[in-house]
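Taking it in order: structure first as structure tokens, then the write-up.
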Amino acid sequence: MMQMDSGAGEVRSIAWWEKALLGVRVEELPRLVPGLLLALAVALVAQVGASALGGALLRLQGLDPAGKGSPISAISVAVILGLLVANTVGVHRAFAPGIDFAVKKVLRLGIILVGIKLSVVDVLEVGAVGVPIVAALVAFALVAALGIARRAGVSPQLGALAAASTAICGVTATLAVAPGIEADDREVAYTVANVTLFGLVGMLLYPWLAHAVFGDASAAAGLFLGTSIHDTSQVMGAALSYRELFGDERAMQVATVAKLTRNAMLVAVVPLLAFLHARRAGGQGGGAGSLAKLFPLFVLGFLALSVVRTVGDLGLQGGGRALGVWDAASWKAIASLVGERIPVVALGTALAGVGLGTRLAVFRGLGLRPLLVGFAAALLVAGVSLGLAALAGPLLG
């Protein structure tokens, strides 16, 4: 539809590619800049803060942080900083368009790029035993979290976010699922807070629990760590602690691959939860529009980059080159840049936008029930993970 601009004649309608990529006409981009820069600034400060906090946490555990990744997610810190800014100095309405762009468009870019971290070659390293175990645990976590949320009386959106974050990959899963189930910013922010809190507790306590239960059974310990803790950074922090504390490299390898296997299931879980939401809302199952909502384009992009990573990894077999071009070191560096460094900034910017657009007063309306749902889901999944790791660990060697 054409819009009239008095004194300036007709304003052209937005093109399909502008709507898909930007959400606004190209000539309106300047009004996005202030809010986008603010969200980006918060994300960059969050990276520095997460690094400092992570180093302090490692030192508290008696570990040297030099050369180690931070166990504190910069993406989680970004939403907290955004909340602090919004609820102290406040955010002028001139920043709103750019913040909205960060939450909707930059978010999708970050999720797409994360796909290059996931390789079928890595997933298959856990073998014929590990993959079904991880898949079974993900399915259990989804059903359990949805059931707990329903009994607790929280919104279906909060229940779906709790399920995805607990079952798959914490913050990234929360952000990927939210658009398809029409979750609002406060529900996203609350879920991120749960992931941060309960994942951090697991990261600190579960290495000691794993060693107490499994002793020298490295694969069982790694499988437990990789399947029981929420966010990827938290799993890596726990696995790193386990390796440093107990001198067990194998446990760290199994934990890493088990977590990557969970992350890969994001491709199936996003459309599944979107379908359940559409059915609950009375949506129809057919048509291109409904298909795009159930299997959004950013998930296809995520999957496409995962395929690229898999093909590249396969090319390295037998001393070859990734995609016929890069050696192993160069390919690893490219995957790290595209799949880790850029997404941390992109997803951090999106989460900073969520924080900047959220007032703490809205959480009073949600109450403590979502917190209890997150706690119950985390505890239940950890218990089942412990049992499955005890059964399957010996089979992994």
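Residues are named by chain letter and number: chains run A, B, ... in the order of the structure tokens, numbers start at 1 in each chain, and ligands are numbered from 1 in the order shown.
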Residues within 12 Å of region 269-284 of chain A, please, as a CSV table (one decimal) with C-alpha atoms, in the first residue's frame. Count only C-alpha atoms; anything in the same chain fewer than 6 positions from it doesn't count.
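This is the output file selection-v6.csv:
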```
chain,number,residue,atom,x,y,z
A,111,ILE,CA,21.4,-17.9,14.9
A,135,ALA,CA,18.1,-37.6,21.5
A,138,VAL,CA,16.3,-34.0,24.6
A,139,ALA,CA,12.9,-35.5,24.0
A,141,ALA,CA,13.5,-32.6,28.6
A,142,LEU,CA,11.0,-31.2,26.1
A,143,VAL,CA,8.1,-33.2,27.4
A,146,LEU,CA,6.2,-28.5,28.9
A,155,SER,CA,1.9,-19.2,29.8
A,156,PRO,CA,2.4,-21.7,27.0
A,157,GLN,CA,5.1,-19.5,25.6
A,158,LEU,CA,7.1,-19.5,28.8
A,159,GLY,CA,6.7,-23.3,28.9
A,160,ALA,CA,8.0,-23.7,25.4
A,161,LEU,CA,11.0,-21.4,26.1
A,162,ALA,CA,11.8,-23.4,29.3
A,163,ALA,CA,11.6,-26.6,27.3
A,164,ALA,CA,13.9,-25.4,24.5
A,165,SER,CA,16.4,-23.8,26.8
A,166,THR,CA,16.6,-26.8,29.1
A,167,ALA,CA,16.6,-29.5,26.4
A,168,ILE,CA,18.8,-27.9,23.7
A,169,CYS,CA,21.2,-25.0,24.2
A,172,THR,CA,20.5,-19.7,21.7
A,173,ALA,CA,17.5,-22.1,21.8
A,174,THR,CA,15.5,-19.5,23.6
A,175,LEU,CA,16.2,-16.9,21.0
A,176,ALA,CA,15.6,-19.3,18.1
A,177,VAL,CA,12.2,-20.5,19.4
A,178,ALA,CA,10.8,-17.2,20.6
A,179,PRO,CA,9.7,-15.8,17.2
A,180,GLY,CA,7.8,-18.9,16.1
A,181,ILE,CA,5.8,-19.1,19.4
A,182,GLU,CA,5.2,-15.4,19.6
A,183,ALA,CA,6.9,-15.0,23.0
A,262,ARG,CA,22.0,-31.5,21.5
A,263,ASN,CA,22.6,-28.2,19.7
A,290,SER,CA,2.1,-21.3,7.7
A,291,LEU,CA,5.1,-23.4,6.5
A,292,ALA,CA,7.4,-20.3,6.8
A,293,LYS,CA,6.2,-19.8,10.4
A,294,LEU,CA,6.7,-23.4,11.3
A,295,PHE,CA,10.1,-23.7,9.6
A,296,PRO,CA,11.4,-20.1,9.4
A,297,LEU,CA,14.0,-19.1,7.0
A,298,PHE,CA,16.7,-18.5,9.6
A,299,VAL,CA,16.5,-22.1,10.6
A,300,LEU,CA,17.1,-23.1,7.0
A,302,PHE,CA,21.3,-22.4,10.2
A,303,LEU,CA,20.9,-25.8,8.6
```
Would you list the contacts of Val254 (chain A) as number ranges by chain, taking every protein, DNA or RNA residue within 10 Å and counting only C-alpha atoms, but skipping same-chain residues closer than 3 positions in sequence?
A: 125-126, 130, 218-226, 239, 249-251, 257-260, 393, 396
Counting only C-alpha atoms, which residues in region 41-148 of chain A sit no more than 6 Å from region 304-309 of chain A? For each one, give the nearest pair of atoms and the distance in Å, sorted by chain then residue number, as a Markdown table.
```
| residue | atom | partner | partner_atom | distance |
| --- | --- | --- | --- | --- |
| A:Gly115 | CA | A:Ser306 | CA | 4.7 |
| A:Ile116 | CA | A:Ser306 | CA | 4.8 |
| A:Leu118 | CA | A:Ser306 | CA | 5.3 |
| A:Ser119 | CA | A:Arg309 | CA | 5.6 |
```
Go ahead and compute the interatomic distance for CA of Arg186 (chain A) and CA of Thr358 (chain A), in Å to one decimal.
6.3 Å
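Relative to CA of Leu32 (chain A), CA of Pro97 (chain A) is found at 5.3 Å.
Candidate residues A:Ala149, A:Leu209, A:Leu388, A:Ile342 were compared for distance to Ile75 (chain A), and the nearest is A:Ile342, using only C-alpha atoms.
Distance-wise, CA of Ala377 (chain A) and CA of Pro132 (chain A) end up 20.7 Å apart.
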Polymer residues at most 9 Å from Ala56 (chain A), only C-alpha atoms, same-chain spacing of 5 or more positions, as an mmCIF file with N, CA, C and O atoms, in the first residue's frame:
```cif
data_model
loop_
_atom_site.group_PDB
_atom_site.id
_atom_site.type_symbol
_atom_site.label_atom_id
_atom_site.label_comp_id
_atom_site.auth_asym_id
_atom_site.auth_seq_id
_atom_site.Cartn_x
_atom_site.Cartn_y
_atom_site.Cartn_z
ATOM 1 N N SER A 51 34.136 -11.730 30.150
ATOM 2 C CA SER A 51 35.510 -12.221 30.215
ATOM 3 C C SER A 51 36.103 -12.022 31.608
ATOM 4 O O SER A 51 36.744 -12.928 32.159
ATOM 5 N N GLN A 61 37.952 -21.259 41.377
ATOM 6 C CA GLN A 61 38.022 -22.725 41.351
ATOM 7 C C GLN A 61 39.458 -23.237 41.336
ATOM 8 O O GLN A 61 39.698 -24.428 41.195
ATOM 9 N N PRO A 65 42.969 -18.791 34.263
ATOM 10 C CA PRO A 65 42.100 -18.429 33.135
ATOM 11 C C PRO A 65 42.841 -18.143 31.833
ATOM 12 O O PRO A 65 42.209 -17.983 30.786
#
```
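Proximity ranking of A:Ile112, A:Ala86, A:Ala78, A:Val24 relative to Arg359 (chain A) places A:Ala86 first, based on only C-alpha atoms.
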